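With compact mmCIF, C-alpha atoms inside, this is upload-v6.txt:
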```
# COMPACT_ATOMS: atom_id res chain seq x y z
CA MET H 1 116.54 -61.46 -2.40
CA LYS H 2 116.69 -57.80 -1.79
CA TRP H 3 117.14 -55.47 -6.15
CA LEU H 4 117.98 -46.09 -12.34
CA VAL H 5 119.04 -41.59 -13.28
CA LEU H 6 121.09 -39.99 -10.45
CA LEU H 7 119.86 -36.80 -8.85
CA GLY H 8 120.75 -34.37 -6.18
CA LEU H 9 117.77 -33.20 -4.21
CA VAL H 10 115.67 -30.25 -5.33
CA ALA H 11 114.16 -29.87 -1.90
CA PHE H 12 117.37 -30.73 -0.06
CA SER H 13 120.16 -29.53 -2.28
CA GLU H 14 121.25 -27.27 -5.09
CA CYS H 15 123.26 -29.97 -6.86
CA ILE H 16 121.24 -32.57 -8.74
CA PHE H 17 122.67 -35.78 -10.18
CA LYS H 18 120.16 -37.63 -12.34
CA ILE H 19 120.42 -41.05 -13.96
CA PRO H 20 117.39 -42.04 -16.09
CA LEU H 21 116.59 -45.73 -16.33
CA ARG H 22 115.13 -47.45 -19.33
CA ARG H 23 112.74 -50.33 -19.06
CA VAL H 24 112.76 -52.50 -22.17
CA LYS H 25 110.45 -55.19 -23.53
CA THR H 26 111.56 -58.48 -22.15
CA MET H 27 113.02 -61.11 -24.44
CA ARG H 28 111.09 -63.77 -22.57
CA LYS H 29 107.84 -62.53 -24.11
CA THR H 30 109.34 -62.44 -27.58
CA LEU H 31 111.16 -65.77 -27.44
CA SER H 32 109.01 -67.91 -25.18
CA GLY H 33 108.19 -71.32 -26.57
CA LYS H 34 111.03 -71.19 -29.10
CA ASN H 35 113.88 -72.47 -26.89
CA MET H 36 115.76 -69.35 -27.92
CA LEU H 37 115.81 -67.35 -24.70
CA ASN H 38 118.76 -69.00 -22.98
CA ASP H 39 120.83 -68.90 -26.17
CA VAL H 40 120.17 -65.20 -26.59
CA LEU H 41 121.02 -64.46 -22.95
CA LYS H 42 124.34 -66.25 -23.33
CA GLU H 43 125.36 -64.89 -26.73
CA HIS H 44 124.31 -61.25 -26.64
CA ALA H 45 125.96 -58.60 -24.53
CA TYR H 46 123.39 -56.92 -22.33
CA ARG H 47 125.33 -53.89 -21.22
CA LEU H 48 123.79 -50.72 -22.56
CA PRO H 49 125.84 -47.71 -23.60
CA GLN H 50 126.52 -45.00 -21.06
CA ILE H 51 125.35 -41.53 -22.02
CA SER H 52 126.73 -38.49 -20.27
CA PHE H 53 126.44 -34.77 -20.80
CA ARG H 54 129.67 -32.89 -20.31
CA GLY H 55 129.43 -29.60 -18.48
CA SER H 56 126.27 -30.57 -16.62
CA ASN H 57 125.27 -32.59 -13.57
CA LEU H 58 123.13 -34.95 -15.60
CA SER H 59 124.39 -38.38 -16.64
CA ILE H 60 122.05 -40.99 -18.08
CA HIS H 61 122.55 -44.73 -17.71
CA PRO H 62 119.85 -46.86 -19.32
CA LEU H 63 118.60 -49.60 -17.00
CA ARG H 64 117.00 -52.78 -18.12
CA ASN H 65 113.96 -54.58 -16.78
CA ILE H 66 115.11 -58.18 -16.56
CA ARG H 67 112.27 -60.60 -17.27
CA ASP H 68 109.81 -58.24 -15.58
CA THR H 69 111.58 -59.07 -12.33
CA PHE H 70 114.55 -56.80 -11.54
CA TYR H 71 115.75 -53.24 -12.11
CA VAL H 72 119.47 -53.13 -12.80
CA GLY H 73 121.99 -50.50 -13.84
CA ASN H 74 125.59 -50.09 -14.92
CA ILE H 75 128.55 -49.08 -12.78
CA THR H 76 132.28 -49.21 -13.41
CA ILE H 77 135.12 -50.39 -11.17
CA GLY H 78 138.85 -49.86 -11.59
CA THR H 79 141.31 -47.79 -13.63
CA PRO H 80 140.71 -48.01 -16.54
CA PRO H 81 137.03 -48.67 -15.74
CA GLN H 82 135.52 -52.13 -16.10
CA GLU H 83 131.76 -52.15 -16.52
CA PHE H 84 129.28 -54.28 -14.56
CA GLN H 85 125.52 -54.57 -14.49
CA VAL H 86 124.32 -54.62 -10.88
CA LEU H 87 121.12 -54.80 -8.90
CA PHE H 88 120.49 -51.69 -6.77
CA ASP H 89 119.30 -53.27 -3.53
CA THR H 90 117.98 -51.58 -0.38
CA GLY H 91 117.72 -54.98 1.30
CA SER H 92 121.48 -55.49 1.57
CA SER H 93 124.49 -53.29 2.19
CA VAL H 94 127.46 -54.66 0.24
CA LEU H 95 128.67 -53.89 -3.28
CA TRP H 96 130.11 -57.01 -4.91
CA VAL H 97 130.89 -58.40 -8.32
CA PRO H 98 132.41 -61.72 -9.45
CA SER H 99 136.18 -62.18 -9.39
CA VAL H 100 138.41 -64.08 -11.80
CA PHE H 101 139.06 -66.51 -8.94
CA CYS H 102 135.41 -67.58 -8.77
CA ASN H 103 134.94 -71.01 -10.30
CA SER H 104 131.23 -71.37 -9.53
CA SER H 105 129.15 -72.04 -12.63
CA THR H 106 127.20 -68.80 -12.16
CA CYS H 107 130.39 -66.71 -12.20
CA SER H 108 131.43 -68.10 -15.58
CA MET H 109 128.26 -66.64 -17.10
CA HIS H 110 128.98 -63.08 -15.96
CA VAL H 111 131.57 -60.36 -16.24
CA ARG H 112 134.36 -60.92 -13.70
CA PHE H 113 136.57 -58.18 -12.31
CA ARG H 114 140.14 -58.45 -13.61
CA HIS H 115 142.10 -56.93 -10.76
CA HIS H 116 145.45 -57.14 -12.53
CA GLN H 117 144.17 -54.71 -15.17
CA SER H 118 143.41 -51.93 -12.66
CA SER H 119 146.15 -49.57 -11.50
CA THR H 120 144.08 -48.40 -8.50
CA PHE H 121 143.25 -51.85 -7.13
CA ARG H 122 144.37 -53.09 -3.75
CA THR H 123 143.31 -56.19 -1.89
CA THR H 124 142.92 -57.23 1.76
CA ASN H 125 142.93 -60.53 3.63
CA LYS H 126 139.32 -60.08 4.82
CA THR H 127 136.64 -62.54 3.72
CA PHE H 128 132.87 -62.53 4.28
CA TRP H 129 129.65 -64.40 3.49
CA ILE H 130 126.25 -62.96 2.48
CA THR H 131 123.05 -65.01 2.44
CA TYR H 132 120.15 -63.77 0.31
CA GLY H 133 116.70 -65.22 -0.22
CA ALA H 134 117.85 -66.53 -3.60
CA GLY H 135 121.32 -67.77 -2.71
CA ARG H 136 124.58 -66.90 -1.02
CA MET H 137 128.09 -65.80 -1.87
CA LYS H 138 131.55 -65.83 -0.31
CA GLY H 139 133.79 -62.88 -1.07
CA VAL H 140 137.07 -61.19 -0.34
CA VAL H 141 137.23 -57.47 0.42
CA ALA H 142 139.15 -55.30 -2.05
CA HIS H 143 139.48 -51.55 -2.75
CA ASP H 144 139.25 -49.62 -6.02
CA THR H 145 137.60 -46.64 -7.73
CA VAL H 146 133.86 -47.12 -8.31
CA ARG H 147 131.73 -44.89 -10.53
CA ILE H 148 127.95 -44.60 -10.64
CA GLY H 149 127.35 -42.10 -13.41
CA ASP H 150 129.12 -38.89 -12.39
CA LEU H 151 129.53 -40.01 -8.78
CA VAL H 152 133.00 -41.33 -7.99
CA SER H 153 134.05 -43.19 -4.85
CA THR H 154 137.82 -43.55 -4.63
CA ASP H 155 139.43 -46.39 -2.70
CA GLN H 156 135.95 -47.91 -2.28
CA PRO H 157 135.83 -51.19 -0.35
CA PHE H 158 133.82 -53.80 -2.25
CA GLY H 159 133.46 -57.54 -2.45
CA LEU H 160 134.89 -59.89 -5.05
CA SER H 161 132.99 -63.17 -5.02
CA VAL H 162 135.03 -66.35 -4.96
CA GLU H 163 132.04 -68.66 -4.47
CA GLU H 164 128.38 -68.23 -5.46
CA TYR H 165 125.42 -70.53 -4.88
CA GLY H 166 121.79 -70.30 -5.97
CA PHE H 167 122.06 -67.47 -8.51
CA GLN H 168 121.60 -69.59 -11.62
CA GLY H 169 119.96 -67.74 -14.49
CA ARG H 170 120.36 -64.25 -13.05
CA ARG H 171 120.91 -61.47 -15.58
CA PHE H 172 123.11 -59.21 -13.49
CA ASP H 173 126.74 -59.48 -12.50
CA GLY H 174 126.57 -58.38 -8.88
CA VAL H 175 124.69 -56.38 -6.27
CA LEU H 176 125.02 -52.77 -5.10
CA GLY H 177 123.67 -52.74 -1.54
CA LEU H 178 122.06 -49.54 -0.24
CA ASN H 179 121.05 -50.67 3.23
CA TYR H 180 122.63 -49.44 6.46
CA PRO H 181 126.16 -50.73 7.11
CA LYS H 182 126.37 -54.01 9.00
CA GLN H 183 129.19 -53.96 11.55
CA CYS H 184 130.00 -57.63 11.35
CA CYS H 185 131.69 -60.33 9.34
CA SER H 186 134.35 -58.03 7.82
CA ARG H 187 131.82 -56.62 5.36
CA PRO H 188 132.99 -53.54 3.43
CA ILE H 189 131.49 -50.10 4.05
CA PRO H 190 128.54 -49.43 1.71
CA ILE H 191 129.26 -47.19 -1.25
CA PHE H 192 126.54 -44.74 -0.19
CA ASP H 193 128.29 -44.21 3.15
CA LYS H 194 131.62 -43.74 1.40
CA LEU H 195 130.14 -41.16 -1.00
CA LYS H 196 128.60 -39.38 1.96
CA ASN H 197 131.88 -39.40 3.90
CA GLN H 198 133.75 -38.06 0.86
CA SER H 199 131.16 -35.24 0.47
CA ALA H 200 130.39 -36.49 -3.05
CA ILE H 201 126.69 -35.98 -2.26
CA SER H 202 125.39 -32.96 -0.40
CA GLU H 203 122.56 -34.71 1.46
CA PRO H 204 122.41 -38.32 2.75
CA VAL H 205 119.35 -39.15 0.64
CA PHE H 206 118.53 -41.40 -2.30
CA ALA H 207 115.24 -42.21 -4.00
CA PHE H 208 113.68 -44.64 -6.48
CA TYR H 209 111.16 -44.25 -9.28
CA LEU H 210 110.33 -47.60 -10.92
CA SER H 211 108.38 -47.39 -14.17
CA LYS H 212 105.32 -49.53 -14.80
CA ASP H 213 104.72 -52.15 -17.47
CA GLU H 214 107.22 -51.73 -20.28
CA GLN H 215 107.64 -47.98 -19.95
CA GLU H 216 111.03 -46.34 -19.84
CA GLY H 217 112.21 -43.86 -17.23
CA SER H 218 113.07 -45.78 -14.05
CA VAL H 219 115.54 -43.86 -11.91
CA VAL H 220 117.55 -43.92 -8.74
CA MET H 221 118.48 -40.51 -7.35
CA PHE H 222 121.42 -39.78 -5.09
CA GLY H 223 121.72 -36.65 -2.99
CA GLY H 224 118.15 -35.46 -3.29
CA VAL H 225 114.66 -35.75 -4.73
CA ASP H 226 113.03 -34.49 -7.90
CA HIS H 227 109.37 -33.73 -7.13
CA ARG H 228 108.34 -34.32 -10.76
CA TYR H 229 108.40 -38.07 -10.15
CA TYR H 230 105.55 -38.16 -7.65
CA LYS H 231 102.12 -36.68 -6.96
CA GLY H 232 101.14 -34.65 -3.91
CA GLU H 233 103.31 -34.57 -0.81
CA LEU H 234 105.76 -37.10 0.54
CA ASN H 235 104.50 -38.91 3.63
CA TRP H 236 107.45 -39.49 5.97
CA VAL H 237 107.56 -42.70 7.99
CA PRO H 238 110.14 -43.25 10.77
CA LEU H 239 112.15 -46.46 10.66
CA VAL H 240 111.58 -49.14 13.28
CA GLN H 241 115.32 -48.92 14.04
CA ALA H 242 118.04 -46.78 12.52
CA ASP H 243 119.84 -49.79 11.06
CA ASP H 244 117.53 -51.11 8.35
CA TRP H 245 114.93 -49.83 5.85
CA THR H 246 112.09 -51.38 7.87
CA LEU H 247 108.81 -49.56 8.59
CA HIS H 248 105.95 -50.28 10.96
CA VAL H 249 102.72 -51.23 9.18
CA ASP H 250 99.43 -50.63 10.99
CA ARG H 251 97.41 -53.29 9.13
CA ILE H 252 96.74 -54.96 5.78
CA SER H 253 93.11 -54.95 4.66
CA MET H 254 90.76 -55.74 1.80
CA ARG H 255 87.12 -54.69 1.47
CA ARG H 256 87.47 -52.93 4.84
CA GLU H 257 88.37 -56.21 6.54
CA VAL H 258 91.78 -56.76 8.12
CA ILE H 259 93.40 -59.74 6.37
CA ALA H 260 96.89 -59.58 7.87
CA CYS H 261 99.00 -57.54 10.26
CA SER H 262 96.05 -57.32 12.64
CA ASP H 263 98.20 -56.23 15.58
CA GLY H 264 100.67 -54.22 13.53
CA CYS H 265 103.79 -55.63 11.88
CA ASP H 266 107.06 -54.61 10.27
CA ALA H 267 107.89 -54.39 6.55
CA LEU H 268 111.23 -54.04 4.83
CA VAL H 269 111.13 -51.67 1.83
CA ASP H 270 113.26 -53.66 -0.58
CA THR H 271 114.13 -52.62 -4.14
CA GLY H 272 115.90 -55.94 -4.59
CA ALA H 273 112.71 -57.97 -4.09
CA SER H 274 110.37 -58.49 -7.03
CA PHE H 275 107.17 -59.26 -5.12
CA ILE H 276 105.41 -58.74 -1.78
CA HIS H 277 106.57 -61.36 0.71
CA GLY H 278 104.96 -62.32 4.00
CA PRO H 279 104.42 -65.21 6.43
CA GLY H 280 103.33 -68.33 4.60
CA ARG H 281 100.09 -68.80 6.54
CA LEU H 282 98.95 -65.23 5.85
CA VAL H 283 100.03 -65.32 2.22
CA ASP H 284 98.04 -68.54 1.74
CA ASN H 285 95.02 -66.82 3.24
CA ILE H 286 95.38 -63.91 0.81
CA GLN H 287 95.60 -66.39 -2.09
CA LYS H 288 92.32 -67.93 -1.00
CA LEU H 289 90.64 -64.54 -0.68
CA ILE H 290 91.63 -63.44 -4.18
CA GLY H 291 91.09 -66.84 -5.81
CA GLY H 292 94.66 -67.99 -6.30
CA ASN H 293 95.42 -71.68 -6.75
CA ALA H 294 96.24 -74.17 -4.03
CA PRO H 295 98.50 -73.01 -1.17
CA GLY H 296 102.08 -74.12 -1.39
CA SER H 297 102.26 -74.19 -5.19
CA LEU H 298 104.34 -71.68 -7.12
CA PRO H 299 103.56 -69.53 -8.86
CA HIS H 300 100.05 -68.86 -7.53
CA TYR H 301 98.05 -68.88 -10.77
CA ILE H 302 94.83 -66.94 -11.05
CA SER H 303 92.31 -66.15 -13.77
CA CYS H 304 93.46 -63.13 -15.79
CA SER H 305 89.90 -61.79 -15.80
CA ALA H 306 90.08 -61.39 -12.00
CA VAL H 307 92.07 -58.21 -12.50
CA ASN H 308 88.79 -56.47 -13.40
CA THR H 309 86.84 -57.60 -10.35
CA LEU H 310 89.19 -57.97 -7.39
CA PRO H 311 89.52 -55.09 -4.91
CA SER H 312 92.69 -53.34 -3.82
CA ILE H 313 94.72 -54.73 -0.95
CA ILE H 314 95.54 -51.80 1.33
CA PHE H 315 98.69 -51.38 3.40
CA THR H 316 98.12 -48.79 6.12
CA ILE H 317 101.43 -47.24 7.13
CA ASN H 318 101.73 -44.49 9.73
CA GLY H 319 98.00 -43.80 9.38
CA ILE H 320 98.09 -43.45 5.57
CA ASN H 321 96.49 -45.97 3.21
CA TYR H 322 98.60 -47.32 0.34
CA PRO H 323 96.31 -49.32 -1.97
CA VAL H 324 97.80 -52.03 -4.17
CA PRO H 325 95.16 -52.60 -6.89
CA ALA H 326 94.55 -55.91 -8.63
CA GLN H 327 96.26 -54.50 -11.75
CA ALA H 328 99.45 -54.39 -9.67
CA TYR H 329 99.24 -57.66 -7.72
CA ILE H 330 98.09 -59.81 -10.67
CA LEU H 331 100.90 -60.29 -13.16
CA LYS H 332 100.86 -61.82 -16.63
CA GLY H 333 103.50 -64.39 -17.50
CA SER H 334 105.23 -65.14 -20.77
CA ARG H 335 102.72 -67.79 -21.84
CA GLY H 336 99.64 -65.70 -21.13
CA HIS H 337 98.94 -67.16 -17.68
CA CYS H 338 98.34 -64.79 -14.78
CA TYR H 339 99.71 -65.19 -11.27
CA THR H 340 99.65 -63.26 -8.02
CA ALA H 341 102.49 -61.15 -6.68
CA PHE H 342 102.34 -62.46 -3.10
CA ARG H 343 105.02 -64.89 -1.94
CA ALA H 344 105.78 -66.66 1.31
CA LYS H 345 108.99 -65.56 3.00
CA ARG H 346 111.70 -68.19 3.01
CA VAL H 347 112.98 -67.17 6.41
CA ARG H 348 110.57 -67.44 9.33
CA THR H 349 110.67 -64.87 12.13
CA SER H 350 109.20 -64.82 15.60
CA THR H 351 107.10 -61.76 14.78
CA GLU H 352 105.01 -61.02 11.70
CA SER H 353 107.08 -59.25 9.05
CA TRP H 354 106.67 -58.44 5.35
CA VAL H 355 108.81 -57.34 2.43
CA LEU H 356 107.51 -54.59 0.13
CA GLY H 357 109.25 -55.18 -3.19
CA ASP H 358 108.94 -53.77 -6.69
CA VAL H 359 105.22 -54.58 -6.99
CA PHE H 360 104.62 -52.00 -4.25
CA LEU H 361 107.39 -49.61 -5.28
CA ARG H 362 106.14 -49.24 -8.86
CA LEU H 363 103.08 -47.61 -7.32
CA TYR H 364 104.88 -45.42 -4.76
CA PHE H 365 107.91 -43.21 -5.25
CA SER H 366 110.25 -43.91 -2.33
CA VAL H 367 112.80 -41.68 -0.62
CA PHE H 368 115.41 -43.19 1.70
CA ASP H 369 116.60 -40.53 4.14
CA ARG H 370 119.67 -41.66 6.09
CA GLY H 371 120.04 -38.24 7.71
CA ASN H 372 116.70 -38.54 9.51
CA ASP H 373 116.26 -42.34 9.56
CA ARG H 374 112.98 -42.32 7.68
CA ILE H 375 111.36 -43.23 4.36
CA GLY H 376 109.16 -40.92 2.31
CA LEU H 377 106.35 -42.37 0.18
CA ALA H 378 104.09 -40.72 -2.39
CA PRO H 379 102.06 -41.92 -5.39
CA ALA H 380 104.38 -42.26 -8.37
CA MET H 381 103.70 -40.34 -11.54
```
Could you render the structure as structure tokens?
Amino acid sequence: MKWLVLLGLVAFSECIFKIPLRRVKTMRKTLSGKNMLNDVLKEHAYRLPQISFRGSNLSIHPLRNIRDTFYVGNITIGTPPQEFQVLFDTGSSVLWVPSVFCNSSTCSMHVRFRHHQSSTFRTTNKTFWITYGAGRMKGVVAHDTVRIGDLVSTDQPFGLSVEEYGFQGRRFDGVLGLNYPKQCCSRPIPIFDKLKNQSAISEPVFAFYLSKDEQEGSVVMFGGVDHRYYKGELNWVPLVQADDWTLHVDRISMRREVIACSDGCDALVDTGASFIHGPGRLVDNIQKLIGGNAPGSLPHYISCSAVNTLPSIIFTINGINYPVPAQAYILKGSRGHCYTAFRAKRVRTSTESWVLGDVFLRLYFSVFDRGNDRIGLAPAM
């Protein structure tokens, strides 16, 4: 599946909205082996308090790192506002949350929007489906006021799920899609486009900084870029097409040998994906090269000591090398086992394509420029 401080751009704009994100120690590490994790997830509210500073453009919403897998943040919908924890996802384009009409088991475990309690709510007769790598949902299109920190989108179209499949165990209520709008299937206009059309942001730009390990400070920035979050200069890469956050990759190499993408390939830059995903055959080859366990098994376990000896895997994009060191692509699980961050894509395509998820984006600050149909990358601070 495709998964935060708001800013307005220093280089692009005078107005800066900033929303700091907080990455917290995961309960899985603390509670593993005690059969306590699921009980805690069910019984304890996970919404963190909103902090705002009146008289300034800075509003801070703590984000949580969910099981070392997702970066999520709080938004509100309705009047008076109802709060939801959502995944900020550049791999999809729709904002949706569960509705009170959803009877799927996953909906009962999450906050559901109570439309009758909102004075600004209005519904439509439009329905739509979305299929993700991890599941799918059916929703109805509605309209209401949506707030992300100090940004307000009035009469925002969004989805209310009435059926959900495959999202068992997720720790977020819904998804806030940040991809290009998809002109099909009655899907509502993305909130970023609505904010842009309402002149709520001065430049059609947003950016992500995802903190490493258990550090705090992850952010998503709307309307601009704060240069303090990255080193050096941004390298701008044109999109393959102006309808998706997909880049052309020159090659993928290790120890100066090309190990994938030998003739060039495409890669979706996806904040909603936890790992690096690619064609199964090529991912299996990478597992063999780095000493992962047998192809086809999940997760791909590997000796934790390998992190000190394995070389970087390098993604060359628009002539620039972006190394992913072993410290990034070897992850430690809750029981002390280590596993690799490469996964086979569930959907096969006729051409070689990859997904660059959070494993890659923790290393590289990313700027999504809708105005110029390009992505900027630079080493993260």
key: Given all atoms listed in the file as the counted atoms, nearest of H:Lys196, H:His277, H:His110, H:Arg122 to H:Glu352   = H:His277
Polymer residues at most 7 Å from stretch 301-318 of chain H, all atoms listed in the file, same-chain spacing of 2 or more positions, as a short mmCIF file (atom, residue, chain, number, x, y, z; two decimals) with C-alpha atoms, keeping the file's coordinate frame:
```cif
data_model
loop_
_atom_site.label_atom_id
_atom_site.label_comp_id
_atom_site.auth_asym_id
_atom_site.auth_seq_id
_atom_site.Cartn_x
_atom_site.Cartn_y
_atom_site.Cartn_z
CA VAL H 237 107.56 -42.70 7.99
CA HIS H 248 105.95 -50.28 10.96
CA VAL H 249 102.72 -51.23 9.18
CA ASP H 250 99.43 -50.63 10.99
CA ARG H 251 97.41 -53.29 9.13
CA ILE H 252 96.74 -54.96 5.78
CA SER H 253 93.11 -54.95 4.66
CA MET H 254 90.76 -55.74 1.80
CA ARG H 255 87.12 -54.69 1.47
CA ILE H 290 91.63 -63.44 -4.18
CA GLY H 291 91.09 -66.84 -5.81
CA GLY H 292 94.66 -67.99 -6.30
CA ASN H 293 95.42 -71.68 -6.75
CA PRO H 299 103.56 -69.53 -8.86
CA ILE H 320 98.09 -43.45 5.57
CA ASN H 321 96.49 -45.97 3.21
CA TYR H 322 98.60 -47.32 0.34
CA PRO H 323 96.31 -49.32 -1.97
CA VAL H 324 97.80 -52.03 -4.17
CA PRO H 325 95.16 -52.60 -6.89
CA ALA H 326 94.55 -55.91 -8.63
CA GLN H 327 96.26 -54.50 -11.75
CA ILE H 330 98.09 -59.81 -10.67
CA CYS H 338 98.34 -64.79 -14.78
CA TYR H 339 99.71 -65.19 -11.27
CA THR H 340 99.65 -63.26 -8.02
#
```
inquiry  = (126.9, -63.4, -4.5) in this file's frame - what residues fall within 9 Å of it? Use only C-alpha atoms and give the answer as number ranges by chain.
reply    = H: 96-98, 129-132, 135-139, 160-167, 173-175
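Atom CA of H:Phe84 to atom CA of H:Asn103 spans 18.2 Å [interatomic distance, one decimal].
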May I have the residues at most 6 Å from (107.6, -40.6, 4.6) in the file's coordinates, counting only C-alpha atoms, as a PDB file with C-alpha atoms, in the coordinates of the input?
```
ATOM      1  CA  LEU H 234     105.760 -37.100   0.540  1.00  0.00           C
ATOM      2  CA  ASN H 235     104.500 -38.910   3.630  1.00  0.00           C
ATOM      3  CA  TRP H 236     107.450 -39.490   5.970  1.00  0.00           C
ATOM      4  CA  VAL H 237     107.560 -42.700   7.990  1.00  0.00           C
ATOM      5  CA  ILE H 375     111.360 -43.230   4.360  1.00  0.00           C
ATOM      6  CA  GLY H 376     109.160 -40.920   2.310  1.00  0.00           C
ATOM      7  CA  LEU H 377     106.350 -42.370   0.180  1.00  0.00           C
TER       8      LEU H 377
END
```
task = To one decimal in Å, tell me the separation between atom CA of H:Val141 and atom CA of H:Phe208.
result = 27.7 Å
message = Using all atoms listed in the file, can you tell me which of H:Ala134, H:Asp373, H:Thr123, H:Ile191 comes closest to H:Gln241?
response =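 The answer is H:Asp373, which sits nearest to H:Gln241.
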key: Nearest to H:Ser99 by atom-to-atom distance, counting only C-alpha atoms, from H:Pro379, H:Val146, H:Glu83, H:Gly159   =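 Distance minimum relative to H:Ser99 lands on H:Gly159.
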task = Rank nothing, just name the residue among H:Ile77, H:Arg171, H:Thr127, H:Asp358 nearest to H:His115, using all atoms listed in the file.
result =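 Among H:Ile77, H:Arg171, H:Thr127, H:Asp358, it is H:Ile77 that comes nearest to H:His115.
With atom CA of H:Ala200 on one side and atom CA of H:Lys182 on the other, the separation reads 21.6 Å.
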Kindly assemble as a Markdown table a list of the stretch 92-191 of chain H residues that lie within 12 Å of stretch 221-227 of chain H, each paired with its nearest atom pair and their distance in Å to one decimal, using only C-alpha atoms, sorted first by chain and then by ascending residue number.
```
| residue | atom | partner | partner_atom | distance |
| --- | --- | --- | --- | --- |
| H:Ile148 | CA | H:Phe222 | CA | 9.8 |
| H:Gly149 | CA | H:Phe222 | CA | 10.5 |
| H:Asp150 | CA | H:Phe222 | CA | 10.6 |
| H:Leu151 | CA | H:Phe222 | CA | 8.9 |
| H:Leu178 | CA | H:Phe222 | CA | 10.9 |
| H:Ile191 | CA | H:Phe222 | CA | 11.5 |
```
Can I get the selected residues back with C-alpha atoms, as a PDB file, in the coordinates of the input?
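File produced: part.pdb:
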```pdb
ATOM      1  CA  ILE H 148     127.950 -44.600 -10.640  1.00  0.00           C
ATOM      2  CA  GLY H 149     127.350 -42.100 -13.410  1.00  0.00           C
ATOM      3  CA  ASP H 150     129.120 -38.890 -12.390  1.00  0.00           C
ATOM      4  CA  LEU H 151     129.530 -40.010  -8.780  1.00  0.00           C
ATOM      5  CA  LEU H 178     122.060 -49.540  -0.240  1.00  0.00           C
ATOM      6  CA  ILE H 191     129.260 -47.190  -1.250  1.00  0.00           C
TER       7      ILE H 191
END
```
task = Name the closest residue to H:Tyr71 among the candidates H:Thr106, H:Gln168, H:Thr271, H:Thr246; distances are taken between atoms, counting all atoms listed in the file.
result = H:Thr271
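With all atoms listed in the file as the atoms that count, the minimum distance from H:Val367 to the choices H:Thr69, H:Thr90, H:Ser153, H:Thr79 is reached by H:Thr90.
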inquiry  = So that I can check the surroundings of H:Ile276, please list as a PyMOL selection string every protein, DNA and RNA residue that reaches within 8 Å of it, counting only C-alpha atoms and ignoring chain neighbours fewer than 5 positions away.
reply    = chain H and resi 341-343+354-360
Give me stretch 109-118 of chain H with N, CA, C and O atoms filled in, as a compact mmCIF listing (two decimals), in the coordinates of the input.
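Done, and the output landed in selection03.txt:
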```txt
# COMPACT_ATOMS: atom_id res chain seq x y z
N MET H 109 129.24 -67.21 -16.19
CA MET H 109 128.26 -66.64 -17.10
C MET H 109 128.20 -65.12 -17.01
O MET H 109 127.39 -64.49 -17.70
N HIS H 110 129.06 -64.52 -16.18
CA HIS H 110 128.98 -63.08 -15.96
C HIS H 110 130.35 -62.43 -16.09
O HIS H 110 131.39 -63.10 -16.10
N VAL H 111 130.32 -61.11 -16.17
CA VAL H 111 131.57 -60.36 -16.24
C VAL H 111 132.28 -60.48 -14.89
O VAL H 111 131.67 -60.27 -13.84
N ARG H 112 133.57 -60.79 -14.92
CA ARG H 112 134.36 -60.92 -13.70
C ARG H 112 135.42 -59.84 -13.66
O ARG H 112 136.02 -59.50 -14.67
N PHE H 113 135.61 -59.27 -12.47
CA PHE H 113 136.57 -58.18 -12.31
C PHE H 113 137.99 -58.72 -12.47
O PHE H 113 138.39 -59.68 -11.80
N ARG H 114 138.75 -58.07 -13.36
CA ARG H 114 140.14 -58.45 -13.61
C ARG H 114 141.05 -57.47 -12.87
O ARG H 114 141.39 -56.40 -13.38
N HIS H 115 141.38 -57.84 -11.65
CA HIS H 115 142.10 -56.93 -10.76
C HIS H 115 143.46 -56.53 -11.30
O HIS H 115 143.93 -55.41 -11.07
N HIS H 116 144.12 -57.43 -12.03
CA HIS H 116 145.45 -57.14 -12.53
C HIS H 116 145.45 -56.07 -13.61
O HIS H 116 146.51 -55.54 -13.96
N GLN H 117 144.26 -55.74 -14.14
CA GLN H 117 144.17 -54.71 -15.17
C GLN H 117 143.88 -53.33 -14.60
O GLN H 117 143.80 -52.36 -15.35
N SER H 118 143.72 -53.21 -13.28
CA SER H 118 143.41 -51.93 -12.66
C SER H 118 144.60 -51.40 -11.87
O SER H 118 145.10 -52.07 -10.96
```
